[in-house]
Structure formats: structure tokens, C-alpha cells
Amino acid sequence: MHVSSSHRPPVAHYQGSAVEQLDDLLQRALDLGASDVHVESEASSFRIRLRVDGRLQTVAKPPMALRDAMVSRIKVLARMDIAEKRLPQDGRMHHPHNGRVIDVRVSSLPTVHGEKMVLRLLNFKQERPSLAELGLEKEDEDLLLQAITRPHGMVLVTGPTGSGKTLSLYSCLEHINRVDVNVASVEDPCEIYLPGTNQVSIHERAGLTFASALRALLRQDPDIIMVGEIRDSETAQIAIQAAHTGHLVLSSLHTNDAPSTLERLRHMGIDAFQIASSIHLIVGQRLVRRLCVHCKKPRPNKPGAYQPQGCSHCDDGYKGRIGIYQVMPISSTLQQLILKGSDAVSLSAQARQEGMLTLRQAGWRKVLQGITSEQEVLSLTPDA
């Protein structure tokens, strides 16, 4: 299928068999660098949307008559129950692309207008950018490097789903992965292959949870452990204990910013002493869209700031994304506040006194550097 050179791909109308339709759809998604494919029904229509640079866009409206055939084809490839349409299902499939095999995670959801399918393209982008390429400012990169090169302790990356936490963790692992250390990870699922490491994908139906996999990893003589996500108190307790007993632990949590992560761990039942003595640094992050270098134009009366315009090279004035980061080292003063049970507001105030930026302040830096727009920062960062 030909991909248009216009700044937003046109809506296609697929013809042919369900096999051909799905192949064309996945090919187009991969050509556009999409992270997710949404196959969904409405009351009287059937559409396909792709998530590109964090935004959904409609790329096809096949006839309703083709919906069931396409959904069934996806279920067959993902080894899901074709007959079960009343309950959500999960599956996995593979798709060849440019000499490689792409892992695709499939989720079905019964809706009032029929089953919705979401296909997540897991390992399409194999690059592991350097910490500087992620978008970290030099002083923040230095703080992160200091934390991940210590022999033990914990470094946490926080943010909502889709904010680039996994890529940040892998960029850290890439920097510290050496032949003389044992690096292990547990994820749901493994999204990026890192040579020289021991990667485990959890399988909850088989009893392989984050907690059980982490316990097993601790019996494998690890030096560095990456836990894809801390979801529950049991996993948090094991990870904190590992950091407290001589291991370097990297992990992620879903919190709004770096300071609120400390309060979240307390709510998960982690003792204040363990938090204060184990965690060295927390990074809060968001992904914002990059302004297109071909068509961005200066904002009137705002030196250094640019605004999107739109051209044949981009999508409504944007092309690609970059991270904005809130980096919070745990100083001795912050440790004392943690031990006293201080709330996130007090911890944040102290961290700002020590030089930490809010996510919005970090975003303004990218605006003044001409990298992103004010609209992106305002829409994706919490109020300071």
C-alpha cells in the first residue's frame, strides 16, 4: 500500500480478503511508525485508527460487511477464542516487516456495537537512544548517571502510560550493561531486546507474576535488576529490599510527578526508613511532540518560541516526540523529611529549593529551545 506524502495520511478503503486487509493495515501502521492499531465499530460504521506520536488518527473506513472477517483473522493469528465475543481476551501474534519479525500484543473488548481490537506493536523500534538523545538536559543527565552507576540502591522512572518510561529504563541499562555484571529484567512483556541481559516476560496465567519472577531473579546472583513496573505492594517490598541489600534496581511507577512517588510507596505499605535509605533518584517524565523542522514558524512577540504550521513532512506541524524530565535526587534533607512522614507537597517544596524543576518548567525549556510548542507543554504537564 502506498503511503501518501501529505502531512496526514488519507483515509483508505480496503478491498480484498481479510488476510490482505490485515496485512495492508499492519504494513501501513509500521510504515507510519504507529505504536497501536485500533479496529473498532460504531453504531453504523467501522473504522481503523493508528496512534502515531501519541495521537490517534483515522486511516481507514472499511465496509461494515468486512468487520467480522477482519476481527476473526486477528483472533486466529493471536490464538484467541473466535467464538468468545462476550468477554475480553488477550493474545499475541507476529508480523514480518523488512526482514524482521514484529511482536504484536492483541486485546479484544466487547462493546455495545461489537468487539473492539487493539494491536500494540511492541518491538518495531529497536534503537536504544543515549540519555542525551532522550531529551535530558546536561545537568539532569549527570544526576541520572551518578545514580545508575552506584553499586546499589533504587532509581525510579514515573509517569503515565505511554510517557516513554520503558525506553528511558533501557537507555539506562544500555549505559551500565557490561560483561562483568549480571543484568536481569522482568517485564510485561519484554518490549526491547538488549543483548547480554537476562530478560523475563511475566505470565500471570501460569503463575509467573512480577513478584514471583523478581524472587527468582534474586536467586540468580544479579548485580542490576530492572523491574518493568511496580504495580503492587508485594513487588514494591521485594524491589526495595533488593535495593537495600546490595543490588541496583531500576523500575517504574504510574504517578503524576517525581515527589508524589514517595507518597505512593508509603501508601503501598513500604516503611519510611526503607524508602529513605534505598531510593537515590526519581525521574518524572512526559513525551511531547517535536515541532517539524521544515515548517515551524516563530511565535510573534515570543523570542525563541515557535508554533506548528504543517507541511508534507509532518503531521499538523509535528514530527516525532521528545521527553521532558523532572529529576529529583534524594538528598539527606529529603531523607529526613521522608523519615518524618512528610507529604508530597512538602517533599516537592524542598526538592524545588534544591534545584528540581517541575515538569512544566522543564517543558518551557524545550519551548524556548524551539523544540516543542506551548500547546504541547500545557496539555501534557500538570499545573505547578
# chains A, B, ... in the order shown; residues from 1 in each chain; ligands from 1
>>> residues_around(residues="region 207-209 of chain A", least_positions_apart="6", cutoff="10 Å", atoms="only C-alpha atoms", output="compact mmCIF listing (two decimals) with N, CA and C atoms, in the first residue's frame")
# COMPACT_ATOMS: atom_id res chain seq x y z
N VAL A 186 12.57 -8.03 34.47
CA VAL A 186 11.28 -8.70 34.44
C VAL A 186 10.27 -7.67 33.97
N GLU A 187 9.52 -8.03 32.91
CA GLU A 187 8.63 -7.06 32.27
C GLU A 187 7.33 -7.72 31.86
N ASP A 188 6.38 -6.90 31.43
CA ASP A 188 5.07 -7.38 30.97
C ASP A 188 4.64 -6.64 29.71
N VAL A 200 13.02 -11.52 31.33
CA VAL A 200 11.91 -12.41 31.67
C VAL A 200 10.60 -11.69 31.41
N SER A 201 9.70 -12.31 30.66
CA SER A 201 8.34 -11.79 30.48
C SER A 201 7.41 -12.50 31.45
N ARG A 215 11.53 -12.63 42.76
CA ARG A 215 12.13 -13.54 43.74
C ARG A 215 13.10 -14.51 43.07
N ALA A 216 12.70 -15.04 41.92
CA ALA A 216 13.57 -15.97 41.21
C ALA A 216 14.85 -15.28 40.73
N THR A 235 5.42 -6.55 45.11
CA THR A 235 6.53 -6.26 44.21
C THR A 235 7.37 -5.10 44.74
>>> select_by_dssp(residues="region 31-171 of chain A", states="strand (DSSP E or B)", output="ChimeraX atom specification")
/A:36-41,46-52,55-60,89-97,100-111,114-121,153-158
>>> atom_distance(atom1="CA of Ser379 (chain A)", atom2="CA of Leu250 (chain A)")
28.3 Å
>>> residues_around(residues="Leu378 (chain A)", least_positions_apart="6", cutoff="10 Å", atoms="only C-alpha atoms", output="mmCIF file with N, CA and C atoms, in the first residue's frame")
data_model
loop_
_atom_site.group_PDB
_atom_site.id
_atom_site.type_symbol
_atom_site.label_atom_id
_atom_site.label_comp_id
_atom_site.auth_asym_id
_atom_site.auth_seq_id
_atom_site.Cartn_x
_atom_site.Cartn_y
_atom_site.Cartn_z
ATOM 1 N N ARG A 360 6.353 21.135 34.124
ATOM 2 C CA ARG A 360 6.011 22.253 33.250
ATOM 3 C C ARG A 360 7.206 23.169 33.018
ATOM 4 N N GLY A 363 9.311 21.623 30.585
ATOM 5 C CA GLY A 363 8.716 21.776 29.268
ATOM 6 C C GLY A 363 8.979 23.142 28.667
ATOM 7 N N TRP A 364 8.936 24.198 29.493
ATOM 8 C CA TRP A 364 9.206 25.539 28.968
ATOM 9 C C TRP A 364 10.615 25.627 28.399
#
>>> select_by_dssp(residues="region 139-266 of chain A", states="alpha helix (DSSP H)", output="NGL selection string")
:A and (139-148 or 165-176 or 210-218 or 233-244 or 258-266)
>>> closest_residue(among="A:Gly91, A:Val327, A:Ile238, A:Val367", to="Lys138 (chain A)", atoms="only C-alpha atoms")
A:Val327
>>> closest_residue(among="A:Arg79, A:Leu121, A:Met64, A:Gln274", to="His38 (chain A)", atoms="only C-alpha atoms")
A:Leu121
>>> residues_around(residues="region 45-60 of chain A", least_positions_apart="6", cutoff="10 Å", atoms="only C-alpha atoms", output="JSON, numbers by chain")
{"A": [8, 9, 10, 11, 12, 13, 14, 25, 26, 28, 29, 30, 32, 33, 34, 35, 36, 37, 38, 39, 66, 67, 113, 114, 117, 118, 119, 120, 162, 163, 287, 288, 289, 290, 315, 318, 319, 320, 321, 322]}
>>> write_last_selection(atoms="C-alpha atoms", output="mmCIF file, in the first residue's frame")
data_model
loop_
_atom_site.group_PDB
_atom_site.id
_atom_site.type_symbol
_atom_site.label_atom_id
_atom_site.label_comp_id
_atom_site.auth_asym_id
_atom_site.auth_seq_id
_atom_site.Cartn_x
_atom_site.Cartn_y
_atom_site.Cartn_z
ATOM 1 C CA ARG A 8 -1.826 13.483 7.350
ATOM 2 C CA PRO A 9 -2.393 10.066 5.717
ATOM 3 C CA PRO A 10 -5.651 9.837 3.767
ATOM 4 C CA VAL A 11 -8.466 7.561 4.845
ATOM 5 C CA ALA A 12 -8.211 4.316 2.903
ATOM 6 C CA HIS A 13 -10.995 1.984 1.794
ATOM 7 C CA TYR A 14 -9.704 -1.577 1.831
ATOM 8 C CA LEU A 25 -3.172 -2.385 7.675
ATOM 9 C CA LEU A 26 -0.134 -3.614 9.611
ATOM 10 C CA ARG A 28 0.767 0.904 6.844
ATOM 11 C CA ALA A 29 0.956 1.132 10.626
ATOM 12 C CA LEU A 30 4.618 0.122 10.597
ATOM 13 C CA LEU A 32 3.949 5.366 9.708
ATOM 14 C CA GLY A 33 5.706 4.366 12.948
ATOM 15 C CA ALA A 34 2.446 3.722 14.807
ATOM 16 C CA SER A 35 2.517 2.264 18.313
ATOM 17 C CA ASP A 36 -1.082 0.976 18.347
ATOM 18 C CA VAL A 37 -3.763 -0.069 15.867
ATOM 19 C CA HIS A 38 -7.435 0.352 16.860
ATOM 20 C CA VAL A 39 -10.034 -1.710 14.994
ATOM 21 C CA LEU A 66 -15.766 -6.803 6.341
ATOM 22 C CA ARG A 67 -15.614 -6.206 10.104
ATOM 23 C CA HIS A 113 -21.521 -2.098 18.800
ATOM 24 C CA GLY A 114 -19.283 -5.163 18.521
ATOM 25 C CA MET A 117 -9.475 -4.880 18.858
ATOM 26 C CA VAL A 118 -6.303 -3.046 19.830
ATOM 27 C CA LEU A 119 -2.992 -4.251 18.426
ATOM 28 C CA ARG A 120 0.151 -2.916 20.122
ATOM 29 C CA GLY A 162 2.851 5.952 27.030
ATOM 30 C CA SER A 163 5.236 8.515 28.508
ATOM 31 C CA LEU A 287 6.578 12.806 25.917
ATOM 32 C CA VAL A 288 5.781 15.915 23.886
ATOM 33 C CA ARG A 289 5.628 16.180 20.126
ATOM 34 C CA ARG A 290 8.541 17.797 18.306
ATOM 35 C CA ASP A 315 1.527 15.730 10.864
ATOM 36 C CA TYR A 318 4.792 17.965 14.385
ATOM 37 C CA LYS A 319 7.131 15.071 13.649
ATOM 38 C CA GLY A 320 8.385 12.678 16.337
ATOM 39 C CA ARG A 321 8.468 13.130 20.088
ATOM 40 C CA ILE A 322 10.960 14.035 22.816
#
>>> closest_residue(among="A:Pro96, A:Pro88, A:Pro63, A:Gly284", to="Ala362 (chain A)", atoms="only C-alpha atoms")
A:Gly284
>>> closest_residue(among="A:Gln350, A:Gln241, A:Gln89, A:Gln285", to="Asn256 (chain A)", atoms="only C-alpha atoms")
A:Gln285
>>> atom_distance(atom1="CA of Pro222 (chain A)", atom2="CA of Thr255 (chain A)")
27.4 Å
>>> residues_around(residues="Ala184 (chain A)", least_positions_apart="5", cutoff="12 Å", atoms="only C-alpha atoms", output="ChimeraX atom specification")
/A:170,173,177,190,193-201,213-228,247-251
>>> closest_residue(among="A:His267, A:Arg178, A:Arg286, A:His97", to="Gly135 (chain A)", atoms="only C-alpha atoms")
A:Arg286
>>> residues_around(residues="His280 (chain A)", least_positions_apart="4", cutoff="7 Å", atoms="only C-alpha atoms", output="short mmCIF file (atom, residue, chain, number, x, y, z; two decimals) with N, CA and C atoms, in the first residue's frame")
data_model
loop_
_atom_site.label_atom_id
_atom_site.label_comp_id
_atom_site.auth_asym_id
_atom_site.auth_seq_id
_atom_site.Cartn_x
_atom_site.Cartn_y
_atom_site.Cartn_z
N ALA A 147 23.46 8.30 39.65
CA ALA A 147 22.59 7.36 40.37
C ALA A 147 22.69 5.94 39.82
N GLY A 153 21.03 0.39 45.40
CA GLY A 153 20.02 1.42 45.57
C GLY A 153 18.98 1.35 44.46
N MET A 154 18.05 2.28 44.47
CA MET A 154 16.94 2.24 43.52
C MET A 154 16.82 3.56 42.77
N VAL A 155 16.56 3.45 41.46
CA VAL A 155 16.24 4.59 40.61
C VAL A 155 14.88 4.33 40.00
N PRO A 329 16.90 14.06 42.84
CA PRO A 329 17.80 13.26 43.69
C PRO A 329 17.30 13.30 45.13
N ILE A 330 17.49 12.19 45.84
CA ILE A 330 17.06 12.13 47.25
C ILE A 330 18.24 12.56 48.12
#
>>> residues_around(residues="Lys85 (chain A)", least_positions_apart="2", cutoff="8 Å", atoms="only C-alpha atoms", output="JSON, numbers by chain")
{"A": [82, 83, 87, 88, 110, 115]}
>>> closest_residue(among="A:Lys296, A:His152, A:Arg205, A:Lys165", to="Ser277 (chain A)", atoms="only C-alpha atoms")
A:His152
>>> decode(residues="region 98-110 of chain A", atoms="N, CA and C atoms", output="mmCIF file, in the first residue's frame")
data_model
loop_
_atom_site.group_PDB
_atom_site.id
_atom_site.type_symbol
_atom_site.label_atom_id
_atom_site.label_comp_id
_atom_site.auth_asym_id
_atom_site.auth_seq_id
_atom_site.Cartn_x
_atom_site.Cartn_y
_atom_site.Cartn_z
ATOM 1 N N ASN A 98 10.160 -5.906 6.793
ATOM 2 C CA ASN A 98 11.521 -5.517 6.396
ATOM 3 C C ASN A 98 12.589 -6.467 6.954
ATOM 4 N N GLY A 99 12.323 -7.766 6.811
ATOM 5 C CA GLY A 99 13.308 -8.752 7.237
ATOM 6 C C GLY A 99 13.320 -9.035 8.723
ATOM 7 N N ARG A 100 12.395 -8.455 9.460
ATOM 8 C CA ARG A 100 12.308 -8.698 10.900
ATOM 9 C C ARG A 100 10.933 -9.213 11.245
ATOM 10 N N VAL A 101 10.804 -9.751 12.463
ATOM 11 C CA VAL A 101 9.516 -10.217 12.942
ATOM 12 C C VAL A 101 9.056 -9.283 14.065
ATOM 13 N N ILE A 102 7.910 -8.662 13.869
ATOM 14 C CA ILE A 102 7.376 -7.707 14.834
ATOM 15 C C ILE A 102 6.435 -8.431 15.788
ATOM 16 N N ASP A 103 6.632 -8.232 17.089
ATOM 17 C CA ASP A 103 5.713 -8.771 18.091
ATOM 18 C C ASP A 103 4.502 -7.856 18.200
ATOM 19 N N VAL A 104 3.324 -8.457 18.220
ATOM 20 C CA VAL A 104 2.082 -7.683 18.316
ATOM 21 C C VAL A 104 1.260 -8.228 19.483
ATOM 22 N N ARG A 105 0.937 -7.374 20.437
ATOM 23 C CA ARG A 105 0.083 -7.756 21.561
ATOM 24 C C ARG A 105 -1.347 -7.356 21.219
ATOM 25 N N VAL A 106 -2.281 -8.296 21.341
ATOM 26 C CA VAL A 106 -3.659 -8.088 20.901
ATOM 27 C C VAL A 106 -4.603 -8.118 22.097
ATOM 28 N N SER A 107 -5.540 -7.171 22.131
ATOM 29 C CA SER A 107 -6.556 -7.116 23.171
ATOM 30 C C SER A 107 -7.912 -6.941 22.516
ATOM 31 N N SER A 108 -8.888 -7.757 22.952
ATOM 32 C CA SER A 108 -10.257 -7.601 22.461
ATOM 33 C C SER A 108 -11.145 -7.130 23.600
ATOM 34 N N LEU A 109 -12.152 -6.342 23.238
ATOM 35 C CA LEU A 109 -13.078 -5.808 24.243
ATOM 36 C C LEU A 109 -14.482 -5.780 23.660
ATOM 37 N N PRO A 110 -15.439 -6.466 24.292
ATOM 38 C CA PRO A 110 -16.819 -6.401 23.813
ATOM 39 C C PRO A 110 -17.407 -5.015 24.066
#
